[in-house]
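These notes are about the structure you will find just below.
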2 protein chains.
Amino acid sequence: MLPESSERAALVRRRELLAHALGSAPALIASGRPRPRNYAADQFPFRASSHFLYLFGLAAQDGLGFYDGQTWTLYLPEPGADDALWDGAVPGFAEVAERTGCPVRSRAELPPVLKGRAVATLPTPDVETCLDVEVLLGRQVRPGKLLPVDEPLAEAMVALRLRHDDAAVAQLRRAAEATTPAHLAGMRATRPGVLEAAVRAAMEAEFVVRDVRPAYQPIVTVHGEVLHNLKYHHVLCEGDLLLADVGGESPGGFACDVTRTWPVTGRFSTTQRELYEVVLRAQKASIALVRPGVGYRDVHLAAHREMARGLVALGILRGDVEELVADGLTALLFPHGIGHLMGLDVHDMEDLGDRAGYAPGRTRSKEFGHRYLRLDRDLEPGMAVTIEPGLYRVPGILEDARLTARAGDRLNRDVLARYADVRGIRIEDDVLVTAEGCEVLTAAIPKEASDVEAVMARR
Amino acid sequence: MLPESSERAALVRRRELLAHALGSAPALIASGRPRPRNYAADQFPFRASSHFLYLFGLAAQDGLGFYDGQTWTLYLPEPGADDALWDGAVPGFAEVAERTGCPVRSRAELPPVLKGRAVATLPTPDVETCLDVEVLLGRQVRPGKLLPVDEPLAEAMVALRLRHDDAAVAQLRRAAEATTPAHLAGMRATRPGVLEAAVRAAMEAEFVVRDVRPAYQPIVTVHGEVLHNLKYHHVLCEGDLLLADVGGESPGGFACDVTRTWPVTGRFSTTQRELYEVVLRAQKASIALVRPGVGYRDVHLAAHREMARGLVALGILRGDVEELVADGLTALLFPHGIGHLMGLDVHDMEDLGDRAGYAPGRTRSKEFGHRYLRLDRDLEPGMAVTIEPGLYRVPGILEDARLTARAGDRLNRDVLARYADVRGIRIEDDVLVTAEGCEVLTAAIPKEASDVEAVMARR
């Protein structure tokens, strides 16, 4: 629940920087509370709001950090009479103050402090807390809806969180370290005849055993063509590829987001290998571009170009690479964006809409295959992004006359049909932009086809 | 997502019975939606509201079942344009209607149907859906707060869900079947030197591999004296008992709730065994009382009496058994209730407050050790309850002068101190009240000390 002592300086620094950006304008950041599953006492595991974690590093329920225009104070609920019996002892205010570097007061003291002031806030993902904050601030607070008074706070928070400080990078590394054994265990648990659920179990057990939480609901599927497939009931068959999009969360709440795709038999078939290499080359070409000053949209388009080259070489597409990309031919097989920001959230700061993902003046494309691009900024040192091209045979896209109208004979369906043992491939790494270029945080997880096969050969 | 075909008749019957109870008064039952974890697209696994599951058996998001005073209709959202790409195909309205036995219409058609009518509803655990229903019904809908118009619906639903039908009992059995391997795996994974998290991982993997969800956050702890301990970071030591309160959920959403306590070494020490047997005798004595017509509070008090007998025999308590119970001496070591209702919720229908747990005219005791009793009804065939006595050395209780004031020298602290290798023991089974008596649904999970040791000897 408490931040580590080594993080105190970073937390103090983050609050100082935010205070500097806000000037004399007050701000309130709530931690949120557990979301009920069936009823109030049966809850999903508590996860504090990312903005609160960023500033206080503290997984405290119903906490509120208040900046009064000069200094920060943390307001926490006083423990109830029976809390220790049911939930165990919680750290006292003095200990929290010591670890966070922020004075702590009782939450009961907060309402009069706020009374009559125009205070900026950022809505928590749980509406219960938003409703509480509405009462505290006397105005509407709802997820996804910022009032004008909140905008400068949102902008300041985005500016801060976009470039990770050393403490944040350390957390991202820990999330990546926790994710490596999960993917290795997944590869080792894969064999024909077991359920997708069995592989998921092996992967998640590597998190649970380390007291690590998944950063998002794991995708472990032989139907990778359903992009966010959260079903696990299929039996793994000889000819299947298994797509696993699974990442852990660091103790401080930072995410890792990794996808690997491996053959159920342990050996890629010729057709699987050919398409896998197309995706892998696109992924490496994209990563090679990641450095300060490069536009992320250009990385996205470079992946499409590399994909076009590969698909032309295989005879699946025909024509000029630039034209194939421009006319949306690659989007038919790679319909999502090349990736997104990474941080305390898997899609970092997506709670603030496109404020974080899109630089001022840039907006989402309306075009198929590009409207899901979640990031369009020029890269800067300290940013962390995913690079995750994919190749999918989605019936709903390939059979859609409107979407495929511009393809004509440039999409060779006869050749594509030969790749019947590929439904979906995605290869995803987390990449930190450095002063010189970039560093792949998830490099320890095998992705070369031969390395994946070597892990699986040792099952 | 769909109910099994064999459940259709039961679902139809439940809706008929509820309609009969409601007469011409309309009612709206919402399924709810996934709760966001970090931001809207990063969600906890969706779990439909229990009332909706009871009537429709369907894990549909944003669904609404409407009884117009004569017939039931299910209103479901139409799939969005890109839903199949991201989330996969969902069953069509016709298939849902076939499986649920209820006509299905587009959710968009619902608002005019509701307009101007006084409609009862039961708030979903997620406030997001409550806010939607507030708009639909033009009045307040919040968890834990029923309006007068809702009361007859709540009472009718309690009356229905209190006694499980055959389909519900079948689901409870499946939840129990899924829970057995988890406890066996936990016993086998236990050894000195590993984390609590390692045992939790082994237990949860048995759920995940079967595509079963935990019905509640698992408790796997060497600090059983913290009743709802959700931390997993302690290293298991030679002298520890491990308390595991872990239960799975059936495909239709019914819960299992089981606690076992076992020694880290695989062999109970003499002191551990003595107290374990006290708890086990109390548990068996309580189960032996479960039959139609018996008051659950009397089962609770019988457990206290049996506990008193055992503790007197060990010299931990001194005095007359009845007086020890009446004066709260056993409550010092057994501070919670003997159990609760079981069904679609672990504490069944606790979203409706004490309406389900307490018979009309009965209210919660204010006394320590008895105010947490969640059920005070006369047992009826078809009810399912837990029987879960426990024995805990809670410093916060034993060092509380106010709570222990009446103990005097009847609590022999010197003798209790000899049991230093016991912090918490709980033994919990799920019990179905039958026409003749009762059936322990979780009987396959070993609880005799010798059986537990036999499982652990084969590690």
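If you're wondering about the labels, chains in the structure tokens are A, B, ... by order shown, residues count from 1 in each chain, ligands from 1 in order shown.
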Taking 3 positions as the minimum chain separation for residues in the same chain, which residues sit within 6 Å of region 60-67 of chain A when counting only C-alpha atoms? Answer as a PDB file with C-alpha atoms, in the first residue's frame.
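Saved the output as out-v2.pdb:
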ATOM      1  CA  PRO A  26      -6.234  24.670  -6.404  1.00  0.00           C
ATOM      2  CA  ALA A  27      -6.622  21.017  -7.416  1.00  0.00           C
ATOM      3  CA  LEU A  28      -8.060  17.880  -5.879  1.00  0.00           C
ATOM      4  CA  ILE A  29      -6.940  14.361  -6.862  1.00  0.00           C
ATOM      5  CA  ALA A  30      -8.967  11.433  -5.536  1.00  0.00           C
ATOM      6  CA  SER A  31      -7.699   7.862  -5.163  1.00  0.00           C
ATOM      7  CA  GLY A  32     -11.098   6.250  -5.654  1.00  0.00           C
ATOM      8  CA  ARG A  33     -12.535   3.226  -3.964  1.00  0.00           C
ATOM      9  CA  THR A  71       1.090  23.273  -0.760  1.00  0.00           C
ATOM     10  CA  TRP A  72      -0.143  19.708  -0.977  1.00  0.00           C
ATOM     11  CA  THR A  73      -1.996  17.877   1.786  1.00  0.00           C
ATOM     12  CA  LEU A  74      -3.201  14.310   1.768  1.00  0.00           C
ATOM     13  CA  TYR A  75      -6.613  13.690   3.335  1.00  0.00           C
ATOM     14  CA  LEU A  76      -7.249  10.092   4.375  1.00  0.00           C
TER      15      LEU A  76
END
Open item on the list: Distance cut-off 8 Å, counting only C-alpha atoms - which residues of chain A neighbour chain B? Return them as an MDAnalysis selection string.
Closed with: chainID A and resid 35:40 42:45 47 49:50 84:88 125:128 195 197:202 204:206 208:211 216:217 225:230 232:233 345:346 349:351 394 396
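Each of A:Ile338, A:Ala435, A:Leu317, A:Leu243 was checked against Arg423 (chain A) using only C-alpha atoms; the smallest atom-to-atom distance is that of A:Leu243.
Here CA of Asp430 (chain A) stands at a distance of 18.6 Å from CA of Trp262 (chain A).
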- [ ] For region 157-163 of chain B, work out the shell of residues within 10 Å, counting only C-alpha atoms and skipping chain neighbours fewer than 2 positions away, then give it as an NGL selection string.
- [x] :B and (14-15 or 17-18 or 21-22 or 51 or 54-55 or 122 or 151-155 or 165-166 or 168-169 or 341-344 or 348-349 or 352 or 355-357 or 379-384 or 432-433)
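Residues of region 99-262 of chain B assigned to strand (DSSP E) by DSSP on this structure's backbone: Val104, Arg105, Ser106, Ala120, Thr121, Arg213, Pro214, Ile219, Val220, Thr221, Leu241, Leu242, Leu243, Ala244, Asp245, Gly248, Glu249, Thr259, Arg260, Thr261 and Trp262 of chain B.
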Restrict the selected residues to C-alpha atoms and save them as a short mmCIF file (atom, residue, chain, number, x, y, z; two decimals), in the first residue's frame.
data_model
loop_
_atom_site.label_atom_id
_atom_site.label_comp_id
_atom_site.auth_asym_id
_atom_site.auth_seq_id
_atom_site.Cartn_x
_atom_site.Cartn_y
_atom_site.Cartn_z
CA VAL B 104 -35.89 -9.77 -27.15
CA ARG B 105 -36.10 -6.25 -28.55
CA SER B 106 -33.64 -3.46 -29.16
CA ALA B 120 -39.96 -0.73 -9.62
CA THR B 121 -36.30 -1.60 -9.98
CA ARG B 213 -14.00 -17.30 -11.91
CA PRO B 214 -13.44 -16.84 -8.21
CA ILE B 219 -8.11 -15.20 1.30
CA VAL B 220 -4.90 -17.23 1.57
CA THR B 221 -3.07 -16.17 4.67
CA LEU B 241 -1.33 -22.52 9.93
CA LEU B 242 -2.53 -21.39 6.53
CA LEU B 243 -6.14 -20.27 6.24
CA ALA B 244 -7.64 -20.42 2.73
CA ASP B 245 -11.10 -18.99 2.11
CA GLY B 248 -15.38 -20.55 -7.41
CA GLU B 249 -18.38 -19.38 -9.39
CA THR B 259 -12.59 -22.22 4.08
CA ARG B 260 -10.01 -24.75 5.11
CA THR B 261 -7.08 -24.29 7.48
CA TRP B 262 -4.03 -26.50 7.22
#
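Taking CA of Ala19 (chain B) and CA of Gly69 (chain B) as the two end points, the separation is 7.3 Å.
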Extract, using only C-alpha atoms, all DNA, RNA and protein residues at most 10 Å from Ala9 (chain B), discarding same-chain residues fewer than 6 positions from it, and format them as a PDB file with N, CA and C atoms, in the first residue's frame.
ATOM      1  N   ARG B  99     -32.900 -19.173 -26.081  1.00  0.00           N
ATOM      2  CA  ARG B  99     -32.271 -19.743 -24.888  1.00  0.00           C
ATOM      3  C   ARG B  99     -32.904 -19.266 -23.587  1.00  0.00           C
ATOM      4  N   THR B 100     -33.373 -18.014 -23.575  1.00  0.00           N
ATOM      5  CA  THR B 100     -33.930 -17.479 -22.334  1.00  0.00           C
ATOM      6  C   THR B 100     -35.438 -17.710 -22.258  1.00  0.00           C
ATOM      7  N   GLY B 101     -36.035 -18.019 -23.399  1.00  0.00           N
ATOM      8  CA  GLY B 101     -37.486 -18.162 -23.431  1.00  0.00           C
ATOM      9  C   GLY B 101     -38.212 -16.836 -23.284  1.00  0.00           C
ATOM     10  N   ALA B 167     -32.583 -25.947 -10.743  1.00  0.00           N
ATOM     11  CA  ALA B 167     -31.549 -25.388 -11.617  1.00  0.00           C
ATOM     12  C   ALA B 167     -30.508 -24.631 -10.793  1.00  0.00           C
TER      13      ALA B 167
END
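Computed from the coordinates, the CA of Pro192 (chain A) to CA of Arg267 (chain A) distance equals 12.1 Å.
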Task: 12 Å contact set for Arg305 (chain B), only C-alpha atoms, chain neighbours under 3 positions out, as JSON, numbers by chain - done: {"B": [278, 279, 281, 282, 283, 285, 286, 298, 299, 300, 301, 302, 308, 309, 310, 311, 312, 317, 320, 321, 322, 323, 324, 325, 326, 327, 328, 329, 330, 331, 334, 389]}
